[in-house]
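K.L.:
Structure file final-v4.tsv (TSV, C-alpha atoms) is given on the next line.
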chain	number	residue	atom	x	y	z
A	1	MET	CA	-6.29	-8.08	0.13
A	2	ASP	CA	-5.07	-5.41	-2.26
A	3	LEU	CA	-5.51	-1.77	-1.26
A	4	ASN	CA	-5.74	0.70	-4.13
A	5	ALA	CA	-6.12	4.46	-4.45
A	6	ASP	CA	-6.67	6.95	-7.27
A	7	LEU	CA	-3.48	8.98	-7.65
A	8	GLY	CA	-2.01	11.74	-9.79
A	9	GLU	CA	-5.33	13.58	-9.81
A	10	GLY	CA	-3.90	17.06	-10.17
A	11	PHE	CA	-3.02	19.26	-13.09
A	12	GLY	CA	-0.18	21.73	-13.40
A	13	ARG	CA	0.20	23.67	-10.16
A	14	TRP	CA	-2.96	22.13	-8.65
A	15	GLU	CA	-2.46	18.96	-6.61
A	16	LEU	CA	-5.57	17.13	-5.45
A	17	THR	CA	-4.07	13.95	-4.04
A	18	ASP	CA	-1.24	13.38	-1.55
A	19	ASP	CA	0.47	10.89	-3.80
A	20	ALA	CA	3.65	10.43	-1.78
A	21	ALA	CA	1.78	9.69	1.45
A	22	LEU	CA	-0.70	7.31	-0.16
A	23	LEU	CA	2.08	5.42	-1.93
A	24	ARG	CA	3.50	4.53	1.47
A	25	ILE	CA	0.23	2.77	2.29
A	26	VAL	CA	-1.42	1.27	-0.80
A	27	THR	CA	-0.32	-1.69	-2.91
A	28	SER	CA	-1.86	-0.59	-6.23
A	29	ALA	CA	-1.99	2.90	-7.74
A	30	ASN	CA	-4.70	3.92	-10.22
A	31	VAL	CA	-2.87	6.73	-11.99
A	32	ALA	CA	-4.87	9.41	-13.80
A	33	CYS	CA	-3.84	9.45	-17.47
A	34	GLY	CA	-4.60	13.03	-18.49
A	35	PHE	CA	-8.26	12.95	-19.53
A	36	HIS	CA	-9.85	13.77	-16.16
A	37	ALA	CA	-6.67	14.82	-14.36
A	38	GLY	CA	-2.92	14.39	-14.61
A	39	ASP	CA	-0.47	16.30	-16.79
A	40	PRO	CA	2.71	14.69	-18.18
A	41	ALA	CA	4.94	15.87	-15.33
A	42	THR	CA	2.46	14.50	-12.79
A	43	LEU	CA	2.27	11.14	-14.54
A	44	GLN	CA	6.05	10.93	-14.57
A	45	ARG	CA	6.39	11.88	-10.90
A	46	VAL	CA	3.74	9.46	-9.68
A	47	CYS	CA	5.16	6.59	-11.72
A	48	GLU	CA	8.62	7.21	-10.31
A	49	LEU	CA	7.28	7.34	-6.75
A	50	ALA	CA	5.17	4.20	-7.26
A	51	ALA	CA	8.02	2.21	-8.79
A	52	ALA	CA	10.37	3.25	-5.99
A	53	ALA	CA	7.80	2.19	-3.38
A	54	GLY	CA	7.12	-1.16	-5.07
A	55	VAL	CA	3.50	-0.18	-5.71
A	56	ARG	CA	1.87	-1.62	-8.83
A	57	ILE	CA	0.80	0.91	-11.47
A	58	GLY	CA	-2.59	0.83	-13.16
A	59	ALA	CA	-4.09	3.15	-15.76
A	60	GLN	CA	-7.12	5.09	-14.55
A	61	VAL	CA	-8.78	5.95	-17.85
A	62	SER	CA	-11.62	8.41	-18.26
A	63	TYR	CA	-13.87	10.26	-20.60
A	64	ARG	CA	-12.16	13.38	-21.98
A	65	ASP	CA	-13.50	15.68	-19.24
A	66	LEU	CA	-10.94	17.78	-17.39
A	67	ALA	CA	-13.50	20.42	-16.45
A	68	GLY	CA	-15.86	17.88	-14.91
A	69	PHE	CA	-13.15	15.68	-13.38
A	70	GLY	CA	-14.42	12.79	-15.47
A	71	ARG	CA	-17.68	12.62	-13.53
A	72	ARG	CA	-19.97	13.76	-16.35
A	73	GLU	CA	-21.42	11.01	-18.48
A	74	MET	CA	-20.68	11.33	-22.19
A	75	ASP	CA	-21.89	9.55	-25.31
A	76	VAL	CA	-18.65	8.61	-27.04
A	77	PRO	CA	-18.78	6.29	-30.08
A	78	ALA	CA	-17.37	2.88	-29.26
A	79	ARG	CA	-14.49	2.97	-31.73
A	80	GLU	CA	-13.47	6.44	-30.54
A	81	LEU	CA	-13.69	5.41	-26.89
A	82	ALA	CA	-11.54	2.33	-27.46
A	83	ALA	CA	-8.90	4.49	-29.13
A	84	GLU	CA	-9.01	7.02	-26.30
A	85	VAL	CA	-8.61	4.29	-23.67
A	86	ALA	CA	-5.62	2.85	-25.55
A	87	TYR	CA	-4.16	6.36	-25.96
A	88	GLN	CA	-4.34	7.03	-22.22
A	89	ILE	CA	-2.72	3.70	-21.36
A	90	GLY	CA	0.04	4.40	-23.86
A	91	ALA	CA	0.77	7.80	-22.34
A	92	LEU	CA	1.07	6.29	-18.87
A	93	ARG	CA	3.17	3.38	-20.10
A	94	VAL	CA	5.94	5.71	-21.30
A	95	PHE	CA	6.50	6.98	-17.77
A	96	ALA	CA	5.82	3.68	-15.99
A	97	GLU	CA	8.33	1.76	-18.07
A	98	ALA	CA	10.89	4.55	-17.80
A	99	ALA	CA	10.56	4.18	-14.03
A	100	GLY	CA	11.03	0.41	-14.33
A	101	SER	CA	7.44	-0.71	-13.93
A	102	PRO	CA	4.77	-1.99	-16.35
A	103	VAL	CA	1.19	-0.78	-16.55
A	104	ALA	CA	-0.33	-3.81	-14.86
A	105	TYR	CA	-4.05	-3.16	-15.19
A	106	VAL	CA	-6.71	-0.69	-16.32
A	107	LYS	CA	-9.50	0.81	-14.24
A	108	PRO	CA	-12.05	3.30	-15.60
A	109	HIS	CA	-12.69	6.46	-13.60
A	110	GLY	CA	-15.87	8.20	-12.56
A	111	ALA	CA	-18.63	8.36	-15.14
A	112	LEU	CA	-16.86	5.90	-17.42
A	113	TYR	CA	-16.60	3.38	-14.57
A	114	HIS	CA	-20.33	3.52	-13.95
A	115	ARG	CA	-21.36	3.68	-17.62
A	116	ALA	CA	-19.16	0.72	-18.54
A	117	GLY	CA	-20.60	-1.10	-15.55
A	118	ARG	CA	-24.11	-1.06	-17.02
A	119	ASP	CA	-23.66	-0.43	-20.77
A	120	PRO	CA	-22.34	-3.44	-22.72
A	121	VAL	CA	-21.31	-1.28	-25.70
A	122	GLN	CA	-19.20	1.09	-23.63
A	123	ALA	CA	-17.85	-1.86	-21.64
A	124	ALA	CA	-16.73	-3.59	-24.83
A	125	ALA	CA	-15.03	-0.37	-25.95
A	126	VAL	CA	-13.05	-0.13	-22.71
A	127	VAL	CA	-12.00	-3.76	-23.10
A	128	GLU	CA	-10.99	-3.17	-26.72
A	129	GLY	CA	-8.90	-0.20	-25.65
A	130	ALA	CA	-7.14	-2.28	-23.02
A	131	ARG	CA	-6.57	-5.04	-25.56
A	132	LEU	CA	-5.16	-2.59	-28.12
A	133	ALA	CA	-2.73	-1.30	-25.52
A	134	GLY	CA	-1.73	-4.80	-24.46
A	135	VAL	CA	-3.08	-4.65	-20.91
A	136	GLY	CA	-4.58	-7.95	-19.82
A	137	VAL	CA	-6.16	-7.08	-16.46
A	138	VAL	CA	-9.25	-4.99	-15.71
A	139	LEU	CA	-10.10	-3.78	-12.21
A	140	THR	CA	-13.86	-3.36	-11.79
A	141	GLN	CA	-16.91	-4.41	-9.81
A	142	ARG	CA	-17.89	-8.05	-10.11
A	143	GLY	CA	-21.16	-8.73	-11.90
A	144	SER	CA	-20.92	-5.56	-13.99
A	145	GLU	CA	-21.09	-5.37	-17.78
A	146	LEU	CA	-17.39	-4.51	-17.77
A	147	ASP	CA	-16.68	-7.65	-15.78
A	148	ARG	CA	-18.56	-9.72	-18.34
A	149	ALA	CA	-16.99	-7.99	-21.35
A	150	ALA	CA	-13.46	-8.36	-20.01
A	151	ALA	CA	-13.91	-12.01	-19.10
A	152	GLY	CA	-15.52	-12.70	-22.47
A	153	ALA	CA	-12.49	-11.22	-24.22
A	154	GLY	CA	-10.12	-13.39	-22.22
A	155	LEU	CA	-8.86	-10.64	-19.94
A	156	ARG	CA	-8.24	-11.21	-16.25
A	157	VAL	CA	-10.80	-9.46	-14.05
A	158	ALA	CA	-9.93	-8.33	-10.53
A	159	GLY	CA	-12.98	-7.61	-8.42
A	160	GLU	CA	-13.08	-4.22	-6.71
A	161	ALA	CA	-15.01	-2.83	-3.77
A	162	PHE	CA	-15.02	0.60	-2.16
A	163	ALA	CA	-14.20	1.42	1.43
A	164	ASP	CA	-15.52	4.97	1.40
A	165	ARG	CA	-18.70	4.65	-0.67
A	166	GLY	CA	-22.14	3.53	0.43
A	167	TYR	CA	-23.85	0.54	-1.20
A	168	LEU	CA	-27.42	-0.13	-2.26
A	169	GLY	CA	-29.04	-3.43	-1.42
A	170	ASP	CA	-28.44	-4.74	-4.94
A	171	GLY	CA	-24.68	-4.29	-4.60
A	172	HIS	CA	-24.43	-1.10	-6.66
A	173	LEU	CA	-22.95	2.09	-5.26
A	174	VAL	CA	-25.20	4.82	-3.91
A	175	PRO	CA	-25.09	7.58	-6.58
A	176	ARG	CA	-22.86	10.51	-5.72
A	177	GLY	CA	-24.88	13.38	-4.31
A	178	ALA	CA	-27.47	11.06	-2.78
A	179	PRO	CA	-27.68	10.56	1.00
A	180	GLY	CA	-25.29	7.84	2.14
A	181	ALA	CA	-23.06	8.02	-0.94
A	182	LEU	CA	-19.92	8.95	0.99
A	183	LEU	CA	-18.93	7.26	4.25
A	184	ALA	CA	-17.33	8.93	7.24
A	185	PRO	CA	-13.75	7.79	7.97
A	186	GLU	CA	-14.70	5.42	10.81
A	187	ALA	CA	-17.43	3.82	8.71
A	188	ALA	CA	-15.04	3.45	5.77
A	189	VAL	CA	-12.54	1.57	7.91
A	190	ALA	CA	-15.26	-0.70	9.29
A	191	GLN	CA	-16.59	-1.39	5.79
A	192	ALA	CA	-13.11	-2.26	4.50
A	193	VAL	CA	-12.64	-4.77	7.33
A	194	ASP	CA	-16.10	-6.22	6.66
A	195	LEU	CA	-15.24	-6.66	2.99
A	196	ALA	CA	-11.90	-8.31	3.71
A	197	LEU	CA	-13.19	-10.67	6.38
A	198	HIS	CA	-16.70	-11.47	5.18
A	199	GLY	CA	-17.05	-10.31	1.55
A	200	GLU	CA	-20.10	-8.30	2.56
A	201	VAL	CA	-21.23	-4.76	3.33
A	202	THR	CA	-24.17	-3.34	5.22
A	203	ALA	CA	-26.19	-1.48	2.59
A	204	ILE	CA	-28.00	1.78	3.30
A	205	ASP	CA	-31.27	-0.14	3.69
A	206	GLY	CA	-29.66	-2.20	6.45
A	207	SER	CA	-29.38	-5.40	4.42
A	208	ARG	CA	-26.23	-7.49	4.31
A	209	THR	CA	-25.04	-7.49	0.72
A	210	PRO	CA	-22.31	-9.73	-0.75
A	211	VAL	CA	-19.54	-7.88	-2.61
A	212	ALA	CA	-16.77	-10.02	-4.06
A	213	ALA	CA	-13.44	-8.19	-4.07
A	214	GLU	CA	-9.73	-8.77	-4.41
A	215	SER	CA	-8.99	-5.06	-4.10
A	216	ILE	CA	-10.44	-2.29	-1.94
A	217	CYS	CA	-10.36	1.31	-3.15
A	218	VAL	CA	-9.88	4.49	-1.16
A	219	HIS	CA	-10.63	7.59	-3.22
A	220	GLY	CA	-7.47	9.67	-3.18
A	221	ASP	CA	-9.27	12.99	-3.68
A	222	GLY	CA	-11.08	12.83	-0.33
A	223	PRO	CA	-9.86	15.18	2.41
A	224	ASP	CA	-9.25	12.26	4.78
A	225	ALA	CA	-7.85	9.86	2.18
A	226	VAL	CA	-4.42	9.37	3.75
A	227	ALA	CA	-5.80	8.94	7.26
A	228	VAL	CA	-8.49	6.52	6.05
A	229	ALA	CA	-6.04	4.44	4.04
A	230	ALA	CA	-3.59	4.31	6.96
A	231	SER	CA	-6.35	3.31	9.36
A	232	ILE	CA	-7.54	0.56	7.02
A	233	ARG	CA	-4.04	-0.83	6.71
A	234	ALA	CA	-3.58	-0.72	10.50
A	235	ALA	CA	-6.94	-2.44	11.02
A	236	PHE	CA	-5.96	-5.15	8.53
A	237	ASN	CA	-2.64	-5.69	10.30
A	238	GLU	CA	-4.40	-5.99	13.66
A	239	ARG	CA	-6.68	-8.70	12.27
A	240	GLY	CA	-3.97	-10.63	10.43
A	241	ILE	CA	-5.23	-9.62	6.97
A	242	ASP	CA	-2.31	-9.59	4.54
A	243	VAL	CA	-2.10	-6.47	2.42
A	244	GLU	CA	-0.60	-7.28	-0.95
A	245	ALA	CA	-1.21	-6.58	-4.63
A	246	PHE	CA	-3.73	-8.90	-6.29
A	247	SER	CA	-2.11	-11.64	-8.38
Step by step, read the file and then write its structure as structure tokens.

P.N.:
Amino acid sequence: MDLNADLGEGFGRWELTDDAALLRIVTSANVACGFHAGDPATLQRVCELAAAAGVRIGAQVSYRDLAGFGRREMDVPARELAAEVAYQIGALRVFAEAAGSPVAYVKPHGALYHRAGRDPVQAAAVVEGARLAGVGVVLTQRGSELDRAAAGAGLRVAGEAFADRGYLGDGHLVPRGAPGALLAPEAAVAQAVDLALHGEVTAIDGSRTPVAAESICVHGDGPDAVAVAASIRAAFNERGIDVEAFS
């Protein structure tokens, strides 16, 4: 099972994620590309740290929303969105390749992740942006519109699930701000183990819900992110679950 985290989510003097600590734990790094977080120096530093640690680099692309941390939904025309996705990947690639690593995949962030998950037009734009930038792998939730758009365009789709987010009975995430959206550290570790061993979660309504995943995400901006990621990795090791980047 791959373990990923959102990294580089700072800007200038402000650092939101403990990138160095998380890169000692995770196997894939979703690096902010400047639209919701991440300035050039941060991108360069995180890419160098990831390459040195042998952690795969992915582009975490977003709506152009620094003030809202990419969590405000926006109506961006499809052609413009595709260009912005490609632009972000290109910016990250400069630093990734300089550090000796490719940009291996793309994963939308925040509002774009959820919009592309349900909106086929926005999903197709994200896929077109990845295609323009020459990235052939998309990390997203299985069964989403982005999953279908990527597969339909011949891109490889890696299924993602979340350790630290609550699920509805239909397999979608509980909306942020709603009760049960964010899991306590102990619950996040238990959910990650459940996903890895059984491909299921216990939804907030108590139902057992299948969630197909090759990669489990820990949100790097959480106050307990490092501790949660370390505990997940330790729990996987105890149960004989191999932690390695998805192929």

K.L.:
With only C-alpha atoms as the atoms that count, which of A:Arg165, A:Leu139, A:Arg24, A:Gln44 lies nearest to Gly8 in chain A?

P.N.:
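The shortest atom-to-atom distance to Gly8 in chain A comes from A:Gln44.
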
K.L.:
Do a neighbour search on Val85 in chain A at 9 Å with all atoms listed in the file, toss out local chain neighbours closer than 3 positions, and write the hits as a list in words.

P.N.:
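Answer for this query is Val61, Ser62, Tyr63, Glu80, Leu81, Ala82, Gln88, Ile89, Gly90, Pro108, Ala125, Val126, Val127, Glu128, Gly129, Ala130, Leu132 and Ala133 of chain A.
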
K.L.:
Would you kindly return, as a short mmCIF file (atom, residue, chain, number, x, y, z; two decimals) with C-alpha atoms, in the coordinates of the input, each protein, DNA or RNA residue with an atom no farther than 10 Å from any atom of Ala91 in chain A, considering all atoms listed in the file and excluding same-chain residues fewer than 3 positions away?

P.N.:
data_model
loop_
_atom_site.label_atom_id
_atom_site.label_comp_id
_atom_site.auth_asym_id
_atom_site.auth_seq_id
_atom_site.Cartn_x
_atom_site.Cartn_y
_atom_site.Cartn_z
CA CYS A 33 -3.84 9.45 -17.47
CA GLY A 34 -4.60 13.03 -18.49
CA PRO A 40 2.71 14.69 -18.18
CA LEU A 43 2.27 11.14 -14.54
CA GLN A 44 6.05 10.93 -14.57
CA ALA A 59 -4.09 3.15 -15.76
CA ALA A 86 -5.62 2.85 -25.55
CA TYR A 87 -4.16 6.36 -25.96
CA GLN A 88 -4.34 7.03 -22.22
CA VAL A 94 5.94 5.71 -21.30
CA PHE A 95 6.50 6.98 -17.77
CA ALA A 96 5.82 3.68 -15.99
#

K.L.:
Return the single residue from A:Ser207, A:Ala245, A:Ala212, A:Phe236 that is closest to Ile57 in chain A, with distances computed using only C-alpha atoms.

P.N.:
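Using only C-alpha atoms, Ile57 in chain A sits closest to A:Ala245.
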
K.L.:
Please identify all polymer residues within 10 Å of Tyr105 in chain A, counting all atoms listed in the file, omitting same-chain residues fewer than 3 positions from it, and present them as a ChimeraX atom specification.

P.N.:
/A:28-30,56-60,89,102,130,134-139,156-158

K.L.:
Show me, as an MDAnalysis selection string, the residues that have an atom within 9 Å of Val218 in chain A when counting all atoms listed in the file, minus same-chain residues fewer than 3 positions from it.

P.N.:
chainID A and resid 3:6 162:165 188 221:222 225:226 228:229

K.L.:
With distances taken over all atoms listed in the file, which of A:Cys217, A:Val201, A:Ala99, A:Leu66 is nearest to Leu49 in chain A?

P.N.:
A:Ala99
